[in-house]
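Shown below: structure31.json, with JSON, C-alpha atoms.
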[["chain", "number", "residue", "atom", "x", "y", "z"],
["H", 4, "MET", "CA", 0.00, 0.00, 0.00],
["H", 5, "LYS", "CA", 1.36, 3.42, -0.99],
["H", 6, "ILE", "CA", 0.66, 6.16, 1.56],
["H", 7, "LEU", "CA", 0.94, 9.92, 1.22],
["H", 8, "SER", "CA", 0.94, 11.90, 4.48],
["H", 9, "ILE", "CA", 0.53, 15.67, 4.73],
["H", 10, "ASP", "CA", 1.19, 17.79, 7.82],
["H", 11, "THR", "CA", 0.56, 21.55, 7.79],
["H", 12, "SER", "CA", -0.64, 22.11, 11.36],
["H", 13, "SER", "CA", 2.57, 23.72, 12.68],
["H", 14, "LYS", "CA", 5.45, 25.87, 11.43],
["H", 15, "LEU", "CA", 6.80, 22.76, 9.70],
["H", 16, "CYS", "CA", 5.38, 21.71, 6.37],
["H", 17, "GLY", "CA", 5.63, 17.94, 6.09],
["H", 18, "VAL", "CA", 5.15, 15.41, 3.31],
["H", 19, "SER", "CA", 6.04, 11.71, 3.40],
["H", 20, "ILE", "CA", 5.47, 8.76, 1.10],
["H", 21, "LEU", "CA", 5.52, 5.21, 2.44],
["H", 22, "ASP", "CA", 5.16, 1.73, 1.04],
["H", 23, "ASN", "CA", 3.23, 0.15, 3.89],
["H", 24, "LYS", "CA", 5.44, 1.02, 6.88],
["H", 25, "ASN", "CA", 8.60, 1.51, 4.84],
["H", 26, "LEU", "CA", 9.58, 5.15, 4.37],
["H", 27, "ILE", "CA", 10.33, 6.05, 0.76],
["H", 28, "CYS", "CA", 10.52, 9.83, 0.99],
["H", 29, "ASN", "CA", 10.32, 12.33, 3.84],
["H", 30, "LEU", "CA", 10.24, 16.11, 3.36],
["H", 31, "ASP", "CA", 9.63, 17.99, 6.62],
["H", 32, "LYS", "CA", 10.93, 21.53, 6.64],
["H", 33, "GLU", "CA", 10.35, 25.06, 7.89],
["H", 34, "THR", "CA", 10.87, 27.88, 5.39],
["H", 35, "ASP", "CA", 10.01, 31.56, 5.03],
["H", 36, "LYS", "CA", 7.26, 30.65, 2.58],
["H", 37, "SER", "CA", 3.69, 29.91, 3.64],
["H", 38, "HIS", "CA", 2.22, 26.41, 3.57],
["H", 39, "SER", "CA", 0.08, 27.43, 0.61],
["H", 40, "GLU", "CA", 3.30, 28.10, -1.33],
["H", 41, "ASN", "CA", 5.23, 25.11, 0.02],
["H", 42, "LEU", "CA", 2.78, 22.24, 0.02],
["H", 43, "MET", "CA", 2.08, 21.50, -3.65],
["H", 44, "PRO", "CA", 5.75, 21.79, -4.74],
["H", 45, "MET", "CA", 6.74, 19.52, -1.85],
["H", 46, "ILE", "CA", 4.12, 16.93, -2.82],
["H", 47, "SER", "CA", 5.32, 17.07, -6.42],
["H", 48, "GLN", "CA", 8.93, 16.68, -5.31],
["H", 49, "ALA", "CA", 8.09, 13.76, -3.00],
["H", 50, "LEU", "CA", 6.23, 11.95, -5.78],
["H", 51, "THR", "CA", 9.14, 12.52, -8.18],
["H", 52, "ASP", "CA", 11.76, 11.43, -5.63],
["H", 53, "SER", "CA", 9.80, 8.26, -4.87],
["H", 54, "ASP", "CA", 9.18, 7.54, -8.57],
["H", 55, "THR", "CA", 5.40, 7.43, -8.15],
["H", 56, "ASN", "CA", 2.30, 9.52, -8.91],
["H", 57, "LEU", "CA", -0.97, 10.40, -7.21],
["H", 58, "LYS", "CA", -2.88, 7.68, -9.07],
["H", 59, "SER", "CA", -0.61, 5.11, -7.42],
["H", 60, "ILE", "CA", -1.40, 6.37, -3.90],
["H", 61, "ASP", "CA", -3.72, 4.04, -1.95],
["H", 62, "LEU", "CA", -4.22, 6.15, 1.20],
["H", 63, "ILE", "CA", -3.75, 9.79, 2.19],
["H", 64, "VAL", "CA", -3.19, 10.69, 5.84],
["H", 65, "CYS", "CA", -3.70, 14.28, 6.98],
["H", 66, "ASP", "CA", -2.97, 16.11, 10.23],
["H", 67, "ILE", "CA", -6.33, 17.63, 11.23],
["H", 68, "GLY", "CA", -5.01, 19.68, 14.17],
["H", 69, "PRO", "CA", -5.10, 21.21, 16.64],
["H", 70, "GLY", "CA", -2.61, 23.80, 15.49],
["H", 71, "SER", "CA", -2.45, 26.62, 12.97],
["H", 72, "PHE", "CA", -5.97, 27.37, 11.73],
["H", 73, "THR", "CA", -4.72, 28.47, 8.31],
["H", 74, "GLY", "CA", -2.29, 25.57, 7.99],
["H", 75, "ILE", "CA", -4.92, 22.99, 8.90],
["H", 76, "ARG", "CA", -7.36, 24.42, 6.34],
["H", 77, "ILE", "CA", -4.71, 24.24, 3.63],
["H", 78, "GLY", "CA", -3.82, 20.62, 4.39],
["H", 79, "VAL", "CA", -7.39, 19.37, 4.73],
["H", 80, "ALA", "CA", -8.56, 21.20, 1.58],
["H", 81, "THR", "CA", -5.66, 19.75, -0.42],
["H", 82, "VAL", "CA", -6.39, 16.21, 0.75],
["H", 83, "LYS", "CA", -10.11, 16.59, 0.02],
["H", 84, "GLY", "CA", -9.29, 17.76, -3.50],
["H", 85, "PHE", "CA", -7.08, 14.73, -4.17],
["H", 86, "CYS", "CA", -9.54, 12.29, -2.62],
["H", 87, "ASP", "CA", -12.59, 13.65, -4.44],
["H", 88, "SER", "CA", -10.92, 13.76, -7.85],
["H", 89, "LEU", "CA", -9.07, 10.44, -7.63],
["H", 90, "ASN", "CA", -11.32, 8.51, -5.23],
["H", 91, "ILE", "CA", -8.50, 7.86, -2.76],
["H", 92, "PRO", "CA", -9.43, 6.97, 0.85],
["H", 93, "SER", "CA", -8.18, 9.30, 3.57],
["H", 94, "ILE", "CA", -7.59, 9.25, 7.32],
["H", 95, "GLY", "CA", -7.41, 12.28, 9.61],
["H", 96, "ILE", "CA", -5.08, 12.09, 12.61],
["H", 97, "SER", "CA", -4.77, 14.72, 15.32],
["H", 98, "SER", "CA", -1.40, 16.38, 15.80],
["H", 99, "LEU", "CA", -1.51, 15.29, 19.46],
["H", 100, "GLU", "CA", -1.87, 11.63, 18.49],
["H", 101, "ALA", "CA", 0.88, 11.94, 15.89],
["H", 102, "LEU", "CA", 3.23, 13.32, 18.55],
["H", 103, "ALA", "CA", 2.40, 10.47, 20.94],
["H", 104, "TYR", "CA", 2.73, 7.70, 18.34],
["H", 105, "PRO", "CA", 6.53, 7.10, 18.48],
["H", 106, "ILE", "CA", 6.91, 7.58, 22.24],
["H", 107, "ASN", "CA", 7.87, 4.47, 24.17],
["H", 108, "ASN", "CA", 6.01, 4.90, 27.47],
["H", 109, "GLU", "CA", 2.75, 3.59, 28.89],
["H", 110, "LEU", "CA", 1.26, 7.03, 29.59],
["H", 111, "ILE", "CA", 1.91, 9.88, 27.15],
["H", 112, "CYS", "CA", 0.72, 13.47, 27.39],
["H", 113, "SER", "CA", 0.98, 15.44, 24.16],
["H", 114, "LEU", "CA", 1.20, 19.14, 24.97],
["H", 115, "LEU", "CA", 1.24, 22.06, 22.52],
["H", 116, "ASP", "CA", 1.98, 25.65, 23.54],
["H", 117, "CYS", "CA", -0.81, 28.03, 22.45],
["H", 118, "LYS", "CA", 0.89, 31.08, 23.99],
["H", 119, "ASN", "CA", -0.31, 33.20, 26.92],
["H", 120, "ASN", "CA", -0.14, 30.15, 29.22],
["H", 121, "ASN", "CA", -2.69, 28.24, 27.13],
["H", 122, "CYS", "CA", -2.25, 24.81, 25.61],
["H", 123, "TYR", "CA", -3.70, 21.94, 23.62],
["H", 124, "PHE", "CA", -3.28, 18.58, 25.32],
["H", 125, "ALA", "CA", -4.41, 14.96, 25.35],
["H", 126, "LEU", "CA", -3.49, 11.86, 27.35],
["H", 127, "TYR", "CA", -2.84, 8.47, 25.77],
["H", 128, "LYS", "CA", -2.09, 4.97, 27.02],
["H", 129, "LYS", "CA", 0.21, 2.85, 24.90],
["H", 130, "SER", "CA", 0.12, -0.93, 24.89],
["H", 131, "LYS", "CA", 1.80, -3.11, 22.26],
["H", 132, "ASP", "CA", 2.23, -0.07, 20.00],
["H", 133, "ILE", "CA", -1.51, 0.69, 20.14],
["H", 134, "LEU", "CA", -2.61, 4.09, 21.44],
["H", 135, "GLN", "CA", -5.76, 4.40, 23.54],
["H", 136, "THR", "CA", -7.11, 7.88, 24.16],
["H", 137, "LEU", "CA", -7.66, 8.47, 27.88],
["H", 138, "ILE", "CA", -8.30, 12.23, 27.75],
["H", 139, "GLU", "CA", -9.62, 13.58, 24.46],
["H", 140, "PRO", "CA", -7.84, 16.59, 22.91],
["H", 141, "LYS", "CA", -8.68, 19.78, 24.78],
["H", 142, "ALA", "CA", -7.84, 23.49, 24.73],
["H", 143, "GLU", "CA", -7.20, 24.73, 28.28],
["H", 144, "THR", "CA", -5.06, 27.03, 30.33],
["H", 145, "LEU", "CA", -1.94, 25.22, 31.46],
["H", 146, "GLU", "CA", -3.17, 25.32, 35.07],
["H", 147, "ASN", "CA", -6.47, 23.65, 34.13],
["H", 148, "ALA", "CA", -4.74, 21.11, 31.90],
["H", 149, "LEU", "CA", -2.35, 20.01, 34.65],
["H", 150, "SER", "CA", -5.21, 19.84, 37.16],
["H", 151, "ILE", "CA", -7.29, 17.65, 34.81],
["H", 152, "LEU", "CA", -4.29, 15.44, 34.13],
["H", 153, "LYS", "CA", -3.38, 15.12, 37.79],
["H", 154, "ASN", "CA", -6.93, 14.28, 38.91],
["H", 155, "TYR", "CA", -7.40, 11.71, 36.15],
["H", 156, "CYS", "CA", -4.16, 9.86, 36.89],
["H", 157, "GLU", "CA", -4.58, 9.86, 40.67],
["H", 158, "ASN", "CA", -8.10, 8.45, 40.31],
["H", 159, "ASN", "CA", -7.22, 5.81, 37.73],
["H", 160, "PHE", "CA", -3.69, 4.62, 38.44],
["H", 161, "ASP", "CA", -1.95, 3.48, 41.64],
["H", 162, "SER", "CA", 1.23, 5.09, 40.41],
["H", 163, "SER", "CA", 2.13, 6.53, 37.06],
["H", 164, "SER", "CA", 4.97, 7.96, 35.02],
["H", 165, "ILE", "CA", 3.83, 10.34, 32.30],
["H", 166, "MET", "CA", 6.02, 11.11, 29.31],
["H", 167, "PHE", "CA", 5.37, 14.65, 28.08],
["H", 168, "VAL", "CA", 5.96, 15.41, 24.40],
["H", 169, "GLY", "CA", 5.45, 18.46, 22.19],
["H", 170, "ASP", "CA", 6.70, 22.04, 22.28],
["H", 171, "GLY", "CA", 4.59, 22.62, 25.40],
["H", 172, "SER", "CA", 6.73, 20.11, 27.28],
["H", 173, "ILE", "CA", 9.66, 22.47, 26.70],
["H", 174, "SER", "CA", 7.83, 25.77, 27.30],
["H", 175, "PHE", "CA", 6.08, 24.55, 30.44],
["H", 176, "ALA", "CA", 8.67, 22.13, 31.84],
["H", 177, "ASN", "CA", 9.12, 24.00, 35.11],
["H", 178, "GLN", "CA", 5.38, 24.40, 35.69],
["H", 179, "ILE", "CA", 4.82, 20.69, 35.02],
["H", 180, "LYS", "CA", 7.47, 19.68, 37.54],
["H", 181, "GLU", "CA", 6.10, 22.06, 40.17],
["H", 182, "SER", "CA", 2.50, 20.93, 39.64],
["H", 183, "LEU", "CA", 3.26, 17.22, 39.92],
["H", 184, "ALA", "CA", 5.92, 17.44, 42.63],
["H", 185, "ASP", "CA", 3.47, 16.79, 45.48],
["H", 186, "SER", "CA", 1.64, 13.94, 43.71],
["H", 187, "SER", "CA", 2.35, 10.29, 43.02],
["H", 188, "ILE", "CA", 2.82, 11.07, 39.35],
["H", 189, "LYS", "CA", 6.35, 11.00, 37.97],
["H", 190, "ASP", "CA", 7.00, 13.37, 35.10],
["H", 191, "LEU", "CA", 9.27, 12.44, 32.19],
["H", 192, "PHE", "CA", 10.14, 14.42, 29.08],
["H", 193, "ALA", "CA", 10.67, 13.17, 25.55],
["H", 194, "ASP", "CA", 13.97, 13.90, 23.82],
["H", 195, "GLU", "CA", 14.18, 17.16, 21.87],
["H", 196, "LYS", "CA", 13.80, 15.57, 18.42],
["H", 197, "SER", "CA", 10.46, 14.03, 19.41],
["H", 198, "ASN", "CA", 8.87, 17.39, 20.22],
["H", 199, "SER", "CA", 8.34, 18.36, 16.58],
["H", 200, "LEU", "CA", 5.66, 16.86, 14.37],
["H", 201, "ASN", "CA", 6.85, 14.36, 11.78],
["H", 202, "SER", "CA", 4.86, 13.36, 8.71],
["H", 203, "TYR", "CA", 6.38, 9.85, 8.82],
["H", 204, "TYR", "CA", 4.86, 9.05, 12.22],
["H", 205, "LEU", "CA", 1.65, 10.75, 11.12],
["H", 206, "ALA", "CA", 1.52, 8.26, 8.24],
["H", 207, "LEU", "CA", 2.14, 5.28, 10.54],
["H", 208, "ALA", "CA", -0.62, 6.39, 12.91],
["H", 209, "GLY", "CA", -2.98, 6.78, 9.95],
["H", 210, "LEU", "CA", -2.09, 3.37, 8.54],
["H", 211, "ASP", "CA", -2.77, 1.71, 11.91],
["H", 212, "ARG", "CA", -6.13, 3.48, 12.10],
["H", 213, "TYR", "CA", -7.00, 2.41, 8.54],
["H", 214, "ASN", "CA", -5.95, -1.21, 9.14],
["H", 215, "SER", "CA", -8.14, -1.30, 12.26],
["H", 216, "GLY", "CA", -11.16, -0.87, 10.00],
["H", 217, "ASN", "CA", -11.72, 2.84, 10.55],
["H", 218, "LYS", "CA", -12.68, 3.99, 7.05],
["H", 219, "GLN", "CA", -13.53, 7.69, 7.28],
["H", 220, "LYS", "CA", -16.05, 9.15, 4.84],
["H", 221, "GLU", "CA", -14.66, 12.64, 5.27],
["H", 222, "ILE", "CA", -11.82, 14.28, 7.17],
["H", 223, "LEU", "CA", -12.67, 17.42, 9.15],
["H", 224, "PRO", "CA", -10.41, 19.95, 10.87],
["H", 225, "LEU", "CA", -10.10, 19.58, 14.65],
["H", 226, "TYR", "CA", -10.64, 23.12, 15.92],
["H", 227, "LEU", "CA", -10.61, 23.15, 19.72],
["H", 228, "LYS", "CA", -11.12, 26.90, 19.97],
["H", 229, "LYS", "CA", -12.23, 29.73, 17.72],
["H", 230, "PRO", "CA", -9.66, 31.61, 15.63],
["H", 231, "LEU", "CA", -8.22, 34.73, 17.26],
["H", 232, "ALA", "CA", -9.81, 37.06, 14.70],
["H", 233, "GLN", "CA", -13.25, 35.58, 15.39],
["H", 234, "ARG", "CA", -12.79, 35.85, 19.16],
["H", 235, "GLN", "CA", -11.71, 39.48, 18.84],
["H", 236, "LEU", "CA", -14.73, 40.26, 16.63],
["H", 237, "GLU", "CA", -17.13, 38.65, 19.11],
["H", 238, "GLU", "CA", -15.56, 40.61, 21.99],
["H", 239, "LYS", "CA", -15.92, 43.83, 20.00],
["H", 240, "GLU", "CA", -19.56, 43.08, 19.17],
["H", 241, "ALA", "CA", -20.29, 42.24, 22.81],
["H", 242, "LYS", "CA", -18.84, 45.58, 23.92],
["H", 243, "ASN", "CA", -20.91, 47.45, 21.33],
["H", 244, "GLU", "CA", -24.10, 45.82, 22.60],
["H", 245, "LYS", "CA", -23.54, 47.11, 26.14]]
As structure tokens - that is how I would like this structure written.
Amino acid sequence: MKILSIDTSSKLCGVSILDNKNLICNLDKETDKSHSENLMPMISQALTDSDTNLKSIDLIVCDIGPGSFTGIRIGVATVKGFCDSLNIPSIGISSLEALAYPINNELICSLLDCKNNNCYFALYKKSKDILQTLIEPKAETLENALSILKNYCENNFDSSSIMFVGDGSISFANQIKESLADSSIKDLFADEKSNSLNSYYLALAGLDRYNSGNKQKEILPLYLKKPLAQRQLEEKEAKNEK
């Protein structure tokens, strides 16, 4: 099975092509150009480098977020265009699940920094390379996220060691350690290379989901909060109504 994976949810623009679980081509890079400028040339380059074409692709995997609103829209729209025109099946995987996929630990917390002490997070349990979602992806303040995480683990596990992964695990490392210091939870941190999204692991997560029988009719963006521009407009309208 030939797989094309597309990741545009962060500053990195990522494209990978696999033959089953074997990586053929991986292009993950950050440039000064926007994802709208980068994505199609990168897909074309990946197809050329792997000596294949879109008609030979059996499955497309797309990062549906959370992350950059504009980036997610670009990636999802591109995948929908390919799938509709060529009748290729697709799978949407959250960026939080993609981050957790390669981590070798029973409990994994994916944590993305949303600025201003806000974050996206989710908790997963890994067993025999299969991820089970314990806490669904959420948008919270860091304080709320750590409280939710702490309460869940203390009520469901006798003792636990959580591996934190994602840029939030770097930004909020000190707060995490302070929050969990007085609990039975041991905090661990993934190595630096694991904290960035990777379209190869996105593809593997999508392939596992597809092989499990999850055939999605349509992929949809995972927006956990409203875009900043929309929030600002609503705040302005609310003030005008007073």
>> Taking 2 positions as the minimum chain separation for residues in the same chain, which residues sit within 12 Å of Leu99 in chain H when counting only C-alpha atoms? Answer as number ranges by chain.
In response: H: 12-13, 66-70, 95-97, 101-106, 111-116, 122-127, 134, 136, 138-142, 167-171, 198-201, 204-205, 208, 225
>> When you look at Cys28 in chain H with a cut-off of 7 Å (counting all atoms listed in the file), what residues show up, excluding the ones that are within fewer than 6 positions of it in the same chain? I need them as a PyMOL selection string.
In response: chain H and resi 19-21+49+52-53
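When CA of Ser174 in chain H is paired with CA of Ile9 in chain H, their separation reads 25.8 Å.
Coordinates place CA of Leu26 in chain H at a distance of 15.6 Å from CA of Asp10 in chain H.
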>> Give me the residues near range 37-40 of chain H as a list in words, where near means some atom within 8 Å (using only C-alpha atoms) and where sequence neighbours in that chain fewer than 6 positions away do not count.
In response: Thr11, Cys16, Gly74 and Ile77 of chain H
Those residues you just picked out, can you put them in a file as an mmCIF file, in the frame of the given file with C-alpha atoms?
data_model
loop_
_atom_site.group_PDB
_atom_site.id
_atom_site.type_symbol
_atom_site.label_atom_id
_atom_site.label_comp_id
_atom_site.auth_asym_id
_atom_site.auth_seq_id
_atom_site.Cartn_x
_atom_site.Cartn_y
_atom_site.Cartn_z
ATOM 1 C CA THR H 11 0.560 21.550 7.790
ATOM 2 C CA CYS H 16 5.380 21.710 6.370
ATOM 3 C CA GLY H 74 -2.290 25.570 7.990
ATOM 4 C CA ILE H 77 -4.710 24.240 3.630
#
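Within the 8 Å cut-off around Asp190 in chain H, using all atoms listed in the file and omitting residues fewer than 2 positions from it on the same chain, the listed residues are Ser164, Ile165, Met166, Phe167, Ile179, Lys180, Leu183, Ile188 and Phe192 of chain H.
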Selected residues, C-alpha atoms, written as a PDB file, in the coordinates of the input, please.
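Just written: result34.pdb:
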ATOM      1  CA  SER H 164       4.970   7.960  35.020  1.00  0.00           C
ATOM      2  CA  ILE H 165       3.830  10.340  32.300  1.00  0.00           C
ATOM      3  CA  MET H 166       6.020  11.110  29.310  1.00  0.00           C
ATOM      4  CA  PHE H 167       5.370  14.650  28.080  1.00  0.00           C
ATOM      5  CA  ILE H 179       4.820  20.690  35.020  1.00  0.00           C
ATOM      6  CA  LYS H 180       7.470  19.680  37.540  1.00  0.00           C
ATOM      7  CA  LEU H 183       3.260  17.220  39.920  1.00  0.00           C
ATOM      8  CA  ILE H 188       2.820  11.070  39.350  1.00  0.00           C
ATOM      9  CA  PHE H 192      10.140  14.420  29.080  1.00  0.00           C
TER      10      PHE H 192
END
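Across the structure, CA of Glu221 in chain H and CA of Ser8 in chain H are spaced 15.6 Å apart.
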>> Just want the 7 Å neighbourhood of Leu145 in chain H, counted on all atoms listed in the file, with same-chain residues fewer than 4 positions away dropped. Output as a PyMOL selection string.
In response: chain H and resi 120-122+149
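Using all atoms listed in the file, the smallest distance between any of H:Glu109, H:Ile133, H:Met43, H:Leu210 and Gly84 in chain H comes from H:Met43.
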Please define a box with edges along x, y and z of the file around all atoms of range 209-212 of chain H given in the file, extend it by 5 Å on each side, and return its centre and edge lengths in Å to one decimal, as JSON.
{"center_x": -4.1, "center_y": 4.2, "center_z": 10.3, "size_x": 14.0, "size_y": 15.1, "size_z": 13.6}
>> Could you check the closest approach to Gln48 in chain H for each of H:Tyr226, H:Gly17, H:Cys65, H:Glu157 and tell me which residue wins, using only C-alpha atoms?
In response: H:Gly17
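Nearest residue to Asp132 in chain H, choosing from H:Asp61, H:Asp35, H:Asp185, H:Asp211 and counting all atoms listed in the file: H:Asp211.
With distances taken over all atoms listed in the file, H:Glu146 is the one residue among H:Asp22, H:Glu33, H:Glu146, H:Asp87 lying closest to Ser182 in chain H.
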